[in-house]
Amino acid sequence: MTHEIKENMKTNLTYEQRRNFLLIVFLIGVVLIAIVAQATTLVRLTFPELVKNSSAIAHVRCLGSQAVFENGEIWTDTSLEVLESNKGNLPAIVVVRQPGGKLAHLESRVDGTPQFRVGEELYLFLEGQPGGRFFLVGWSQGTFRVRRNPRTGLTTVTQDSAEIPAYDQQSREFTKTGVKDMRLDSFREQLRREMLRQVP
Amino acid sequence: MRTRQKQILAAMRGTLCVLASAATVQGYAFNMIVPDVRQPLAISGGSACPVKAHHPTTPGYLAFRWSTSLGTAPTSILTQDQTPNGRLNEIEQIIQQSLAAWTNVGGTALNPSWLAPLARVATQNACGSDGMNSICFDQPDMGFTPGVLAFTRVIGRGPNRHPGWRRARGNGVRANTRRRYLFQSQRHFRDLRHATGSRRKSKILRLGIAAHA
């Protein structure tokens, strides 16, 4: 079928149609490049590095977000209910701060910062002090979304950075890597093992 | 078969329209900036009209400064020279070498002569929103966490129009509801240690300088 279309296009298309076709293909390419362009550079953190750099790790549920203006910048504070604390002592509700957000007539955009939906469940790798605000370790790298498939009933975990290229210091290249569609129990086991391994 | 060809072309045009809308949502207007009118007159220029990004054309146009203060968290910067002045000179030399690396990357518009002599400042939190190009080490910027090397804040017009926008319209600037014009772009860098060998980062710094200058 594809071959047939190709053959017909080659023989039946006028010069103008061929020109239009090539122009459209070129424009699609330009648009795709614009979409993938990002202005944030992340250094790739391995799973053990994520665990090591986090002062707290928790299974949380998003309660809501609020933009604030502080130190001349717009920040987004997201309140999260702690369902299970895996590392560190966390209060029942933690506030995670990220750069960027919408406030009044201004919008501060920072590529690579995860967006959370109300009610969504996540595993977050956090840095901060209890009683204060927390920050996401490695932004998208420290964000693992919990998804339940209603048909199969299977619960999986996917790291936000699994689809985002990060800079690898060893190979000096941008590569995609990370946890993708891992079963929740497997993820928990991996986390437990890594934390045990890092106990001094 | 001609109908089929038309269908294919129509489908491709439709796809293009969808993709084009997705791209405009990002709202970047390349090489255009709108001064942040919240800043002092000397920095903002006093007008909110979108203007072309400043491209340096004269030697020493781009001024940089670096903060000699470290953050409160325990940090060590190892230097060979252990004298007070020698330590600062050594760090400054490394910064200058890093900047020189950016200017030699293929495709960059940055000319080494455009850089003014590097200045020092003792202020902590020197990398704030003050319109100055500043290099800071381990400053308590809440945006950085482990794994974040550099990021950009693009401040744009939100759903409600900025007061200065009406003035801009009065001066002949057309409102474009599909694009949010750039108000201010700040490039944040964690450090310059990995400056060499990364074209992607060089592009970011080049754009950052253009937006700040």
# chains A, B, ... in the order shown; residues from 1 in each chain; ligands from 1
>>> interface_residues(of="chain A", to="chain B", cutoff="6 Å", atoms="only C-alpha atoms", output="MDAnalysis selection string")
chainID A and resid 28 35 39:43 99 105:110 137:138
>>> write_last_selection(atoms="C-alpha atoms", output="compact mmCIF listing (two decimals), in the first residue's frame")
# COMPACT_ATOMS: atom_id res chain seq x y z
CA ILE A 28 6.94 19.65 10.58
CA ILE A 35 8.94 21.34 20.78
CA ALA A 39 16.36 25.27 28.53
CA THR A 40 17.21 23.20 31.56
CA THR A 41 20.32 21.09 31.97
CA LEU A 42 20.19 18.18 34.37
CA VAL A 43 23.08 16.02 35.44
CA PRO A 99 10.95 27.61 40.67
CA HIS A 105 -0.43 38.78 35.42
CA LEU A 106 3.00 37.20 35.34
CA GLU A 107 4.07 33.70 34.47
CA SER A 108 7.53 32.40 35.20
CA ARG A 109 8.30 29.35 33.10
CA VAL A 110 11.07 26.94 33.98
CA VAL A 137 16.20 16.31 44.14
CA GLY A 138 17.05 16.49 40.45
>>> select_by_dssp(residues="stretch 125-197 of chain A", states="strand (DSSP E or B)", output="list in words")
Phe125, Leu126, Glu127, Gly128, Phe134, Phe135, Leu136, Thr143, Phe144, Arg145, Val146, Arg147, Arg148, Thr155, Thr156, Val157, Thr158, Gln159, Ala166, Tyr167, Asp168, Glu173, Phe174, Thr175, Met182 and Arg183 of chain A
>>> residues_around(residues="B:Ile77", least_positions_apart="3", cutoff="10 Å", atoms="only C-alpha atoms", output="list in words")
Leu70, Arg87, Ile91 and Phe137 of chain B
>>> write_last_selection(atoms="C-alpha atoms", output="CSV table (one decimal), in the first residue's frame")
chain,number,residue,atom,x,y,z
B,70,LEU,CA,30.3,31.2,49.5
B,87,ARG,CA,43.2,31.8,46.3
B,91,ILE,CA,39.5,30.9,41.2
B,137,PHE,CA,29.4,29.4,43.9
>>> residues_around(residues="stretch 88-94 of chain A", least_positions_apart="5", cutoff="6 Å", atoms="only C-alpha atoms", output="ChimeraX atom specification")
/A:56,79-82
>>> select_by_dssp(residues="stretch 6-196 of chain A", states="alpha helix (DSSP H)", output="number ranges by chain")
A: 6-12, 15-36, 47-53, 184-196
>>> residues_around(residues="stretch 175-184 of chain A", least_positions_apart="4", cutoff="9 Å", atoms="only C-alpha atoms", output="ChimeraX atom specification")
/A:44,46-47,141,144,146-147,154-168,188-189
>>> write_last_selection(atoms="C-alpha atoms", output="PDB file, in the first residue's frame")
ATOM      1  CA  ARG A  44      22.011  12.423  35.367  1.00  0.00           C
ATOM      2  CA  THR A  46      21.566   7.163  39.213  1.00  0.00           C
ATOM      3  CA  PHE A  47      19.046   5.584  41.556  1.00  0.00           C
ATOM      4  CA  GLN A 141      14.661  12.759  38.228  1.00  0.00           C
ATOM      5  CA  PHE A 144       8.157   9.008  40.294  1.00  0.00           C
ATOM      6  CA  VAL A 146       2.259   6.108  40.552  1.00  0.00           C
ATOM      7  CA  ARG A 147      -0.313   4.992  38.002  1.00  0.00           C
ATOM      8  CA  LEU A 154      -1.703  -3.177  37.880  1.00  0.00           C
ATOM      9  CA  THR A 155       0.027  -0.303  39.663  1.00  0.00           C
ATOM     10  CA  THR A 156       3.216   0.960  38.093  1.00  0.00           C
ATOM     11  CA  VAL A 157       5.799   3.632  38.775  1.00  0.00           C
ATOM     12  CA  THR A 158       7.365   5.855  36.124  1.00  0.00           C
ATOM     13  CA  GLN A 159      10.153   8.363  36.649  1.00  0.00           C
ATOM     14  CA  ASP A 160       9.479  11.728  35.019  1.00  0.00           C
ATOM     15  CA  SER A 161      12.976  11.893  33.594  1.00  0.00           C
ATOM     16  CA  ALA A 162      12.566   8.575  31.768  1.00  0.00           C
ATOM     17  CA  GLU A 163      11.571  10.593  28.698  1.00  0.00           C
ATOM     18  CA  ILE A 164      13.882  13.567  29.266  1.00  0.00           C
ATOM     19  CA  PRO A 165      17.512  13.457  28.141  1.00  0.00           C
ATOM     20  CA  ALA A 166      19.957  14.225  30.957  1.00  0.00           C
ATOM     21  CA  TYR A 167      23.654  15.022  30.735  1.00  0.00           C
ATOM     22  CA  ASP A 168      25.856  12.080  31.544  1.00  0.00           C
ATOM     23  CA  ARG A 188       9.422  -0.472  46.674  1.00  0.00           C
ATOM     24  CA  GLU A 189      11.770  -3.439  46.892  1.00  0.00           C
TER      25      GLU A 189
END
>>> residues_around(residues="A:Cys62", least_positions_apart="3", cutoff="8 Å", atoms="only C-alpha atoms", output="PyMOL selection string")
chain A and resi 78-81+116-122
>>> write_last_selection(atoms="N, CA and C atoms", output="mmCIF file, in the first residue's frame")
data_model
loop_
_atom_site.group_PDB
_atom_site.id
_atom_site.type_symbol
_atom_site.label_atom_id
_atom_site.label_comp_id
_atom_site.auth_asym_id
_atom_site.auth_seq_id
_atom_site.Cartn_x
_atom_site.Cartn_y
_atom_site.Cartn_z
ATOM 1 N N THR A 78 3.814 23.353 46.466
ATOM 2 C CA THR A 78 2.822 22.282 46.336
ATOM 3 C C THR A 78 2.682 21.552 47.669
ATOM 4 N N SER A 79 1.467 21.470 48.152
ATOM 5 C CA SER A 79 1.207 20.742 49.406
ATOM 6 C C SER A 79 0.920 19.282 49.078
ATOM 7 N N LEU A 80 1.576 18.411 49.829
ATOM 8 C CA LEU A 80 1.434 16.973 49.571
ATOM 9 C C LEU A 80 1.171 16.229 50.873
ATOM 10 N N GLU A 81 0.227 15.334 50.806
ATOM 11 C CA GLU A 81 -0.084 14.502 51.969
ATOM 12 C C GLU A 81 0.843 13.291 51.955
ATOM 13 N N PHE A 116 2.273 18.919 39.151
ATOM 14 C CA PHE A 116 1.498 17.915 39.873
ATOM 15 C C PHE A 116 0.007 18.209 39.771
ATOM 16 N N ARG A 117 -0.774 17.139 39.650
ATOM 17 C CA ARG A 117 -2.231 17.283 39.616
ATOM 18 C C ARG A 117 -2.799 16.909 40.981
ATOM 19 N N VAL A 118 -3.866 17.584 41.345
ATOM 20 C CA VAL A 118 -4.501 17.309 42.639
ATOM 21 C C VAL A 118 -4.991 15.864 42.662
ATOM 22 N N GLY A 119 -4.680 15.158 43.720
ATOM 23 C CA GLY A 119 -5.112 13.772 43.865
ATOM 24 C C GLY A 119 -4.108 12.759 43.338
ATOM 25 N N GLU A 120 -3.119 13.247 42.606
ATOM 26 C CA GLU A 120 -2.135 12.346 42.009
ATOM 27 C C GLU A 120 -1.205 11.781 43.095
ATOM 28 N N GLU A 121 -0.836 10.516 42.921
ATOM 29 C CA GLU A 121 0.085 9.886 43.877
ATOM 30 C C GLU A 121 1.473 9.797 43.273
ATOM 31 N N LEU A 122 2.464 10.047 44.107
ATOM 32 C CA LEU A 122 3.851 10.036 43.624
ATOM 33 C C LEU A 122 4.792 9.528 44.696
#
>>> atom_distance(atom1="atom CA of B:Glu92", atom2="atom CA of B:Leu118")
7.9 Å
>>> atom_distance(atom1="atom CA of A:Arg133", atom2="atom CA of A:Thr76")
11.3 Å
>>> atom_distance(atom1="atom CA of B:Ser69", atom2="atom CA of B:Gln124")
5.5 Å
